[in-house]
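Enquirer: mmCIF, C-alpha atoms, file start00.cif:
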```cif
data_upload
#
loop_
_atom_site.group_PDB
_atom_site.id
_atom_site.type_symbol
_atom_site.label_atom_id
_atom_site.label_comp_id
_atom_site.auth_asym_id
_atom_site.auth_seq_id
_atom_site.Cartn_x
_atom_site.Cartn_y
_atom_site.Cartn_z
ATOM 1 C CA LYS D 1 12.913 4.374 11.765
ATOM 2 C CA ALA D 2 9.546 2.716 12.297
ATOM 3 C CA GLY D 3 6.534 4.353 10.687
ATOM 4 C CA VAL D 4 3.210 5.264 12.182
ATOM 5 C CA THR D 5 1.513 2.229 13.665
ATOM 6 C CA GLN D 6 -2.169 1.795 14.334
ATOM 7 C CA THR D 7 -3.918 -0.887 16.332
ATOM 8 C CA PRO D 8 -6.003 -2.791 15.809
ATOM 9 C CA ARG D 9 -5.972 -3.000 12.007
ATOM 10 C CA TYR D 10 -9.500 -4.377 11.809
ATOM 11 C CA LEU D 11 -12.425 -4.117 14.173
ATOM 12 C CA ILE D 12 -16.048 -5.182 14.091
ATOM 13 C CA LYS D 13 -18.545 -3.655 16.501
ATOM 14 C CA THR D 14 -22.302 -3.413 16.784
ATOM 15 C CA ARG D 15 -24.448 -0.311 16.960
ATOM 16 C CA GLY D 16 -24.480 1.363 20.347
ATOM 17 C CA GLN D 17 -21.082 0.042 21.397
ATOM 18 C CA GLN D 18 -18.022 2.166 21.854
ATOM 19 C CA VAL D 19 -14.565 1.703 20.406
ATOM 20 C CA THR D 20 -11.038 2.899 21.118
ATOM 21 C CA LEU D 21 -8.378 3.067 18.430
ATOM 22 C CA SER D 22 -4.686 3.569 19.051
ATOM 23 C CA CYS D 23 -1.966 5.362 17.126
ATOM 24 C CA SER D 24 1.765 5.358 17.820
ATOM 25 C CA PRO D 25 3.547 8.150 15.961
ATOM 26 C CA ILE D 26 6.986 8.073 14.426
ATOM 27 C CA SER D 27 9.621 8.423 17.111
ATOM 28 C CA GLY D 28 10.194 12.090 17.868
ATOM 29 C CA HIS D 29 6.934 13.246 16.325
ATOM 30 C CA ARG D 30 4.773 15.189 18.732
ATOM 31 C CA SER D 31 1.685 15.833 16.638
ATOM 32 C CA VAL D 32 -0.973 13.256 15.826
ATOM 33 C CA SER D 33 -3.930 13.964 13.569
ATOM 34 C CA TRP D 34 -6.884 11.679 12.973
ATOM 35 C CA TYR D 35 -8.886 11.346 9.755
ATOM 36 C CA GLN D 36 -11.945 9.348 8.764
ATOM 37 C CA GLN D 37 -12.092 7.869 5.268
ATOM 38 C CA THR D 38 -15.354 6.648 3.756
ATOM 39 C CA PRO D 39 -16.378 6.016 0.144
ATOM 40 C CA GLY D 40 -19.110 8.637 0.378
ATOM 41 C CA GLN D 41 -17.366 11.459 2.246
ATOM 42 C CA GLY D 42 -13.758 10.760 1.389
ATOM 43 C CA LEU D 43 -11.020 11.772 3.802
ATOM 44 C CA GLN D 44 -12.202 14.078 6.565
ATOM 45 C CA PHE D 45 -10.233 15.615 9.389
ATOM 46 C CA LEU D 46 -11.286 14.649 12.902
ATOM 47 C CA PHE D 47 -8.813 16.325 15.253
ATOM 48 C CA GLU D 48 -5.178 17.035 15.970
ATOM 49 C CA TYR D 49 -3.244 16.638 19.186
ATOM 50 C CA PHE D 50 0.086 18.205 19.987
ATOM 51 C CA SER D 51 1.846 17.960 23.343
ATOM 52 C CA GLU D 52 -1.223 16.306 24.871
ATOM 53 C CA THR D 53 -3.503 19.192 23.860
ATOM 54 C CA GLN D 54 -6.167 19.219 21.181
ATOM 55 C CA ARG D 55 -5.063 21.921 18.734
ATOM 56 C CA ASN D 56 -7.656 21.629 16.013
ATOM 57 C CA LYS D 57 -11.002 19.914 15.543
ATOM 58 C CA GLY D 58 -13.080 18.977 12.520
ATOM 59 C CA ASN D 59 -16.848 18.923 12.128
ATOM 60 C CA PHE D 60 -17.700 15.687 13.861
ATOM 61 C CA PRO D 61 -20.186 15.098 16.680
ATOM 62 C CA GLY D 62 -19.100 14.879 20.273
ATOM 63 C CA ARG D 63 -19.270 11.078 20.124
ATOM 64 C CA PHE D 64 -15.815 11.306 18.567
ATOM 65 C CA SER D 65 -13.118 12.155 21.049
ATOM 66 C CA GLY D 66 -9.429 11.682 21.455
ATOM 67 C CA ARG D 67 -6.484 12.140 23.702
ATOM 68 C CA GLN D 68 -2.732 12.111 23.598
ATOM 69 C CA PHE D 69 -0.333 10.763 26.150
ATOM 70 C CA SER D 70 3.001 12.125 27.300
ATOM 71 C CA ASN D 71 4.835 9.737 24.953
ATOM 72 C CA SER D 72 2.825 11.229 22.039
ATOM 73 C CA ARG D 73 0.791 8.086 21.502
ATOM 74 C CA SER D 74 -2.815 8.922 20.798
ATOM 75 C CA GLU D 75 -6.156 7.238 21.125
ATOM 76 C CA MET D 76 -9.475 8.110 19.622
ATOM 77 C CA ASN D 77 -12.780 6.967 21.004
ATOM 78 C CA VAL D 78 -16.155 6.707 19.347
ATOM 79 C CA SER D 79 -19.120 6.194 21.634
ATOM 80 C CA THR D 80 -22.611 4.990 20.759
ATOM 81 C CA LEU D 81 -21.534 3.645 17.405
ATOM 82 C CA GLU D 82 -23.748 4.152 14.368
ATOM 83 C CA LEU D 83 -23.720 2.267 11.073
ATOM 84 C CA GLY D 84 -22.357 5.385 9.396
ATOM 85 C CA ASP D 85 -19.248 5.251 11.547
ATOM 86 C CA SER D 86 -17.986 2.326 9.484
ATOM 87 C CA ALA D 87 -14.830 3.674 7.924
ATOM 88 C CA LEU D 88 -11.081 3.538 7.686
ATOM 89 C CA TYR D 89 -9.641 5.641 10.498
ATOM 90 C CA LEU D 90 -6.229 7.050 9.698
ATOM 91 C CA CYS D 91 -3.783 8.784 11.917
ATOM 92 C CA ALA D 92 -0.894 10.899 10.770
ATOM 93 C CA SER D 93 2.059 12.130 12.764
ATOM 94 C CA SER D 94 4.394 15.064 12.273
ATOM 95 C CA LEU D 95 7.183 16.779 14.159
ATOM 96 C CA GLY D 96 5.261 19.980 14.749
ATOM 97 C CA THR D 97 1.672 21.053 14.739
ATOM 98 C CA GLY D 98 -0.093 21.601 11.438
ATOM 99 C CA VAL D 99 -0.069 19.751 8.149
ATOM 100 C CA PHE D 100 3.593 19.963 7.192
ATOM 101 C CA GLY D 101 5.472 16.709 7.079
ATOM 102 C CA GLN D 102 2.566 14.449 7.986
ATOM 103 C CA PHE D 103 3.131 10.711 7.662
ATOM 104 C CA PHE D 104 0.106 8.452 7.650
ATOM 105 C CA GLY D 105 -0.351 5.076 9.259
ATOM 106 C CA PRO D 106 -2.088 2.133 7.552
ATOM 107 C CA GLY D 107 -5.387 2.828 9.270
ATOM 108 C CA THR D 108 -7.888 0.878 11.339
ATOM 109 C CA ARG D 109 -10.810 -0.541 9.417
ATOM 110 C CA LEU D 110 -13.920 -0.251 11.628
ATOM 111 C CA THR D 111 -17.087 -2.056 10.646
ATOM 112 C CA VAL D 112 -20.280 -1.335 12.574
ATOM 113 C CA LEU D 113 -23.028 -3.933 12.257
ATOM 114 C CA GLY E 114 -18.139 24.506 3.135
ATOM 115 C CA GLU E 115 -15.144 24.848 0.885
ATOM 116 C CA SER E 116 -13.780 21.661 -0.552
ATOM 117 C CA VAL E 117 -11.311 20.298 -3.038
ATOM 118 C CA GLY E 118 -12.577 18.252 -5.955
ATOM 119 C CA LEU E 119 -11.238 16.252 -8.873
ATOM 120 C CA HIS E 120 -12.324 16.266 -12.511
ATOM 121 C CA LEU E 121 -11.761 12.585 -13.303
ATOM 122 C CA PRO E 122 -12.574 9.697 -11.023
ATOM 123 C CA THR E 123 -10.590 7.118 -13.050
ATOM 124 C CA LEU E 124 -7.633 7.534 -15.368
ATOM 125 C CA SER E 125 -6.279 4.660 -17.442
ATOM 126 C CA VAL E 126 -2.881 4.997 -19.120
ATOM 127 C CA GLN E 127 -0.391 2.775 -20.873
ATOM 128 C CA GLU E 128 2.859 1.901 -19.165
ATOM 129 C CA GLY E 129 5.508 4.392 -20.216
ATOM 130 C CA ASP E 130 3.052 7.173 -20.999
ATOM 131 C CA ASN E 131 2.819 10.377 -19.012
ATOM 132 C CA SER E 132 -0.153 10.793 -16.656
ATOM 133 C CA ILE E 133 -1.886 13.995 -15.681
ATOM 134 C CA ILE E 134 -4.250 14.089 -12.733
ATOM 135 C CA ASN E 135 -6.261 17.254 -12.205
ATOM 136 C CA CYS E 136 -7.779 18.894 -9.171
ATOM 137 C CA ALA E 137 -9.946 21.974 -8.673
ATOM 138 C CA TYR E 138 -10.101 23.779 -5.373
ATOM 139 C CA SER E 139 -12.605 26.348 -4.241
ATOM 140 C CA ASN E 140 -10.963 28.015 -1.248
ATOM 141 C CA SER E 141 -9.085 31.029 -2.558
ATOM 142 C CA ALA E 142 -7.391 31.339 0.836
ATOM 143 C CA SER E 143 -5.626 27.997 0.397
ATOM 144 C CA ASP E 144 -1.894 28.480 0.397
ATOM 145 C CA TYR E 145 -0.496 24.979 0.649
ATOM 146 C CA PHE E 146 -1.251 21.956 -1.495
ATOM 147 C CA ILE E 147 -0.195 18.327 -1.325
ATOM 148 C CA TRP E 148 -0.582 15.301 -3.542
ATOM 149 C CA TYR E 149 -0.926 11.904 -1.878
ATOM 150 C CA LYS E 150 -0.878 8.395 -3.283
ATOM 151 C CA GLN E 151 -2.908 5.681 -1.605
ATOM 152 C CA GLU E 152 -2.447 2.032 -2.464
ATOM 153 C CA SER E 153 -4.928 -0.608 -1.443
ATOM 154 C CA GLY E 154 -4.708 -1.391 2.261
ATOM 155 C CA LYS E 155 -2.317 1.444 2.994
ATOM 156 C CA GLY E 156 -2.518 4.972 4.280
ATOM 157 C CA PRO E 157 -1.901 7.983 2.036
ATOM 158 C CA GLN E 158 1.711 8.464 1.051
ATOM 159 C CA PHE E 159 3.134 11.943 0.470
ATOM 160 C CA ILE E 160 4.196 12.559 -3.118
ATOM 161 C CA ILE E 161 4.882 16.259 -3.514
ATOM 162 C CA ASP E 162 3.724 19.593 -2.146
ATOM 163 C CA ILE E 163 3.629 23.176 -3.328
ATOM 164 C CA ARG E 164 3.051 26.516 -1.683
ATOM 165 C CA SER E 165 0.907 29.234 -3.196
ATOM 166 C CA ASN E 166 3.911 31.454 -3.963
ATOM 167 C CA MET E 167 5.036 28.918 -6.564
ATOM 168 C CA ASP E 168 3.402 27.711 -9.778
ATOM 169 C CA LYS E 169 5.512 24.639 -10.443
ATOM 170 C CA ARG E 170 7.530 22.160 -8.462
ATOM 171 C CA GLN E 171 9.331 19.071 -9.627
ATOM 172 C CA GLY E 172 10.218 15.858 -7.884
ATOM 173 C CA GLN E 173 11.405 12.494 -9.039
ATOM 174 C CA ARG E 174 9.223 11.717 -12.098
ATOM 175 C CA VAL E 175 6.490 13.977 -10.736
ATOM 176 C CA THR E 176 5.622 17.612 -11.320
ATOM 177 C CA VAL E 177 2.930 19.644 -9.621
ATOM 178 C CA LEU E 178 1.485 22.688 -11.347
ATOM 179 C CA LEU E 179 -0.564 25.316 -9.550
ATOM 180 C CA ASN E 180 -2.750 27.848 -11.333
ATOM 181 C CA LYS E 181 -4.150 30.201 -8.742
ATOM 182 C CA THR E 182 -6.070 32.233 -11.304
ATOM 183 C CA VAL E 183 -8.418 29.350 -12.032
ATOM 184 C CA LYS E 184 -7.819 27.516 -8.748
ATOM 185 C CA HIS E 185 -6.467 24.430 -10.427
ATOM 186 C CA LEU E 186 -3.819 21.932 -9.405
ATOM 187 C CA SER E 187 -2.360 19.107 -11.447
ATOM 188 C CA LEU E 188 0.006 16.217 -10.903
ATOM 189 C CA GLN E 189 2.082 14.996 -13.799
ATOM 190 C CA ILE E 190 3.738 11.600 -13.618
ATOM 191 C CA ALA E 191 6.390 10.897 -16.229
ATOM 192 C CA ALA E 192 6.899 7.441 -17.710
ATOM 193 C CA THR E 193 4.082 5.917 -15.693
ATOM 194 C CA GLN E 194 4.844 2.484 -14.261
ATOM 195 C CA PRO E 195 2.585 -0.310 -13.001
ATOM 196 C CA GLY E 196 3.652 0.580 -9.465
ATOM 197 C CA ASP E 197 2.045 3.979 -9.938
ATOM 198 C CA SER E 198 -1.400 2.365 -9.988
ATOM 199 C CA ALA E 199 -3.211 3.767 -6.967
ATOM 200 C CA VAL E 200 -5.700 6.415 -5.892
ATOM 201 C CA TYR E 201 -4.311 9.920 -5.931
ATOM 202 C CA PHE E 202 -5.639 12.676 -3.692
ATOM 203 C CA CYS E 203 -4.994 16.363 -3.742
ATOM 204 C CA ALA E 204 -5.290 18.193 -0.454
ATOM 205 C CA GLU E 205 -5.212 21.808 0.510
ATOM 206 C CA ALA E 206 -4.681 23.824 3.643
ATOM 207 C CA SER E 207 -4.948 27.463 4.474
ATOM 208 C CA ASP E 208 -3.283 29.722 6.990
ATOM 209 C CA THR E 209 0.174 28.548 5.979
ATOM 210 C CA GLY E 210 -0.466 24.929 6.789
ATOM 211 C CA ARG E 211 -1.476 25.489 10.346
ATOM 212 C CA ARG E 212 -4.941 24.238 9.670
ATOM 213 C CA ALA E 213 -6.108 20.758 8.796
ATOM 214 C CA LEU E 214 -6.018 19.296 5.323
ATOM 215 C CA THR E 215 -9.090 19.259 3.110
ATOM 216 C CA PHE E 216 -8.905 16.349 0.708
ATOM 217 C CA GLY E 217 -10.318 15.916 -2.756
ATOM 218 C CA SER E 218 -12.390 12.888 -3.656
ATOM 219 C CA GLY E 219 -9.520 11.040 -5.338
ATOM 220 C CA THR E 220 -8.637 9.783 -8.817
ATOM 221 C CA ARG E 221 -7.864 6.152 -9.492
ATOM 222 C CA LEU E 222 -4.902 5.724 -11.810
ATOM 223 C CA GLN E 223 -4.770 2.422 -13.680
ATOM 224 C CA VAL E 224 -1.603 1.618 -15.564
ATOM 225 C CA GLN E 225 -2.014 -0.884 -18.377
ATOM 226 C CA PRO E 226 1.056 -3.002 -19.153
#
```
Could I get this file's structure written as structure tokens?
Expert:
Amino acid sequence: KAGVTQTPRYLIKTRGQQVTLSCSPISGHRSVSWYQQTPGQGLQFLFEYFSETQRNKGNFPGRFSGRQFSNSRSEMNVSTLELGDSALYLCASSLGTGVFGQFFGPGTRLTVL
Amino acid sequence: GESVGLHLPTLSVQEGDNSIINCAYSNSASDYFIWYKQESGKGPQFIIDIRSNMDKRQGQRVTVLLNKTVKHLSLQIAATQPGDSAVYFCAEASDTGRRALTFGSGTRLQVQP
């Protein structure tokens, strides 16, 4: 069974641009959660989607948004990029909503110049 | 806000020794705890979890201990191997895992051959 895949793995953008990251969950998993990992703030929860609906949201500004498609694949978008958005963005999938049985992908490394 | 923290940022052990990684949490409402291992370039990998109605749980070479009185969590790794070298995170969730994970800052485990 294939694991969680994230594309692209690396991305370089400049301030003010926007970016879209993609996450394909493990087959059969319906929940996708997104996390931001930085050296200063560590791992922080962004949001969770289940059955195409946002079920939970962390404390991030509205520039961070996401969506989930009917095949459970998810995208997150960051608009008006800031230098502080440079981070490893991780997604995790699970069968049901919540934190049980979450499997993480390898992440997308975003660098904002 | 409430957060999970770690006592030691770096732990160096000899191959074959036992390792103990500690974690303090501040949210007394937390009822579910997980330990993750993160190797360079990879996403967090689930190691072991424990619910608040337990004080000890064992896996393969790993044991998690939970002391709710002092809000302390530890991960014990028996016969530490070079492949155990990684960053270890504790994470907690409340409301029976329906909420998002709050991660600690991580401890780097270095195994000396």
Enquirer: Which residues of chain E are close to chain D, meaning at most 7 Å apart when you count all atoms listed in the file, and how do they look as an MDAnalysis selection string?
Expert: chainID E and resid 154:158 210:216 218
Enquirer: Could you pull the residues within 6 Å of Leu110 of chain D, counting all atoms listed in the file, minus those fewer than 2 positions along the same chain, as a list of chain:residue names?
Expert: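 The residues that qualify are D:Leu11, D:Ile12, D:Ser86, D:Ala87.
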Enquirer: Quick check, in Å to one decimal: how far apart do atom CA of Thr80 of chain D and atom CA of Ser51 of chain D lie?
Expert: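 That distance, rounded to one decimal, is 27.8 Å.
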Enquirer: Atom CA of Ile26 of chain D to atom CA of Ser93 of chain D: how many Å, to one decimal?
Expert: 6.6 Å
Enquirer: In terms of the shortest atom-to-atom distance over only C-alpha atoms, which of E:Ala191, E:Leu124, E:Leu186, E:Ala142 is closest to Gln173 of chain E?
Expert: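 With only C-alpha atoms as the atom set, the closest residue is E:Ala191.
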Enquirer: Could you list the residues chosen by the PyMOL selection byres ((chain D and resi 63-73) around 6) in this structure as a list in words?
Expert: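 Going through the file, the PyMOL selection byres ((chain D and resi 63-73) around 6) ends up selecting Cys23, Ser24, Arg30, Glu52, Pro61, Gly62, Ser74, Glu75, Met76, Asn77, Val78 and Ser79 of chain D.
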Enquirer: Rank nothing, just name the residue among E:Ser198, E:Thr176, E:Ser207, E:Ser143 nearest to Ile161 of chain E, using only C-alpha atoms.
Expert: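 Closest to Ile161 of chain E, using only C-alpha atoms: E:Thr176.
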Enquirer: For Gln194 of chain E, list every protein, DNA or RNA residue within 9 Å, evaluated using all atoms listed in the file, and leave out those in the same chain fewer than 6 positions away; present the list as an NGL selection string.
Expert: :E and (127-130 or 224-226)
Enquirer: Please write as a PyMOL selection string the full residue list that the PyMOL selection byres ((chain E and resi 221) around 12) yields on this file.
Expert: chain E and resi 119-126+132-135+149-153+197-202+218-220+222-224
Enquirer: Can you pull out the residues contacting Glu82 of chain D? Cut-off 10 Å, using only C-alpha atoms, and skip same-chain residues under 6 positions away; I want them as a PDB file with C-alpha atoms, in the frame of the given file.
Expert:
```
ATOM      1  CA  LYS D  13     -18.545  -3.655  16.501  1.00  0.00           C
ATOM      2  CA  THR D  14     -22.302  -3.413  16.784  1.00  0.00           C
ATOM      3  CA  ARG D  15     -24.448  -0.311  16.960  1.00  0.00           C
ATOM      4  CA  GLY D  16     -24.480   1.363  20.347  1.00  0.00           C
ATOM      5  CA  GLN D  17     -21.082   0.042  21.397  1.00  0.00           C
ATOM      6  CA  GLN D  18     -18.022   2.166  21.854  1.00  0.00           C
ATOM      7  CA  THR D 111     -17.087  -2.056  10.646  1.00  0.00           C
ATOM      8  CA  VAL D 112     -20.280  -1.335  12.574  1.00  0.00           C
ATOM      9  CA  LEU D 113     -23.028  -3.933  12.257  1.00  0.00           C
TER      10      LEU D 113
END
```
Enquirer: Atom CA of Tyr10 of chain D and atom CA of Cys203 of chain E are how many Å apart?
Expert: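 Distance between the two atoms: 26.3 Å.
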Enquirer: When you count all atoms listed in the file, which of these residues is closest to Leu178 of chain E: E:Cys136, E:Ala204, E:Ile160, E:Asp144?
Expert: E:Cys136
Enquirer: With distances taken over only C-alpha atoms, which residue among E:Ser165, E:Gly217, E:Arg174, E:Ala192 lies nearest Ala137 of chain E?
Expert: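 The closest residue to Ala137 of chain E is E:Gly217.
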Enquirer: Please list as a PyMOL selection string every residue within 7 Å of Leu95 of chain D, counting only C-alpha atoms and excluding residues in the same chain fewer than 6 positions away.
Expert: chain D and resi 28-31
Enquirer: Which one of D:Ala2, D:Val19, D:Leu81, D:Val32 sits closest to Ser94 of chain D if you count only C-alpha atoms?
Expert: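 Nearest candidate to Ser94 of chain D out of D:Ala2, D:Val19, D:Leu81, D:Val32: D:Val32.
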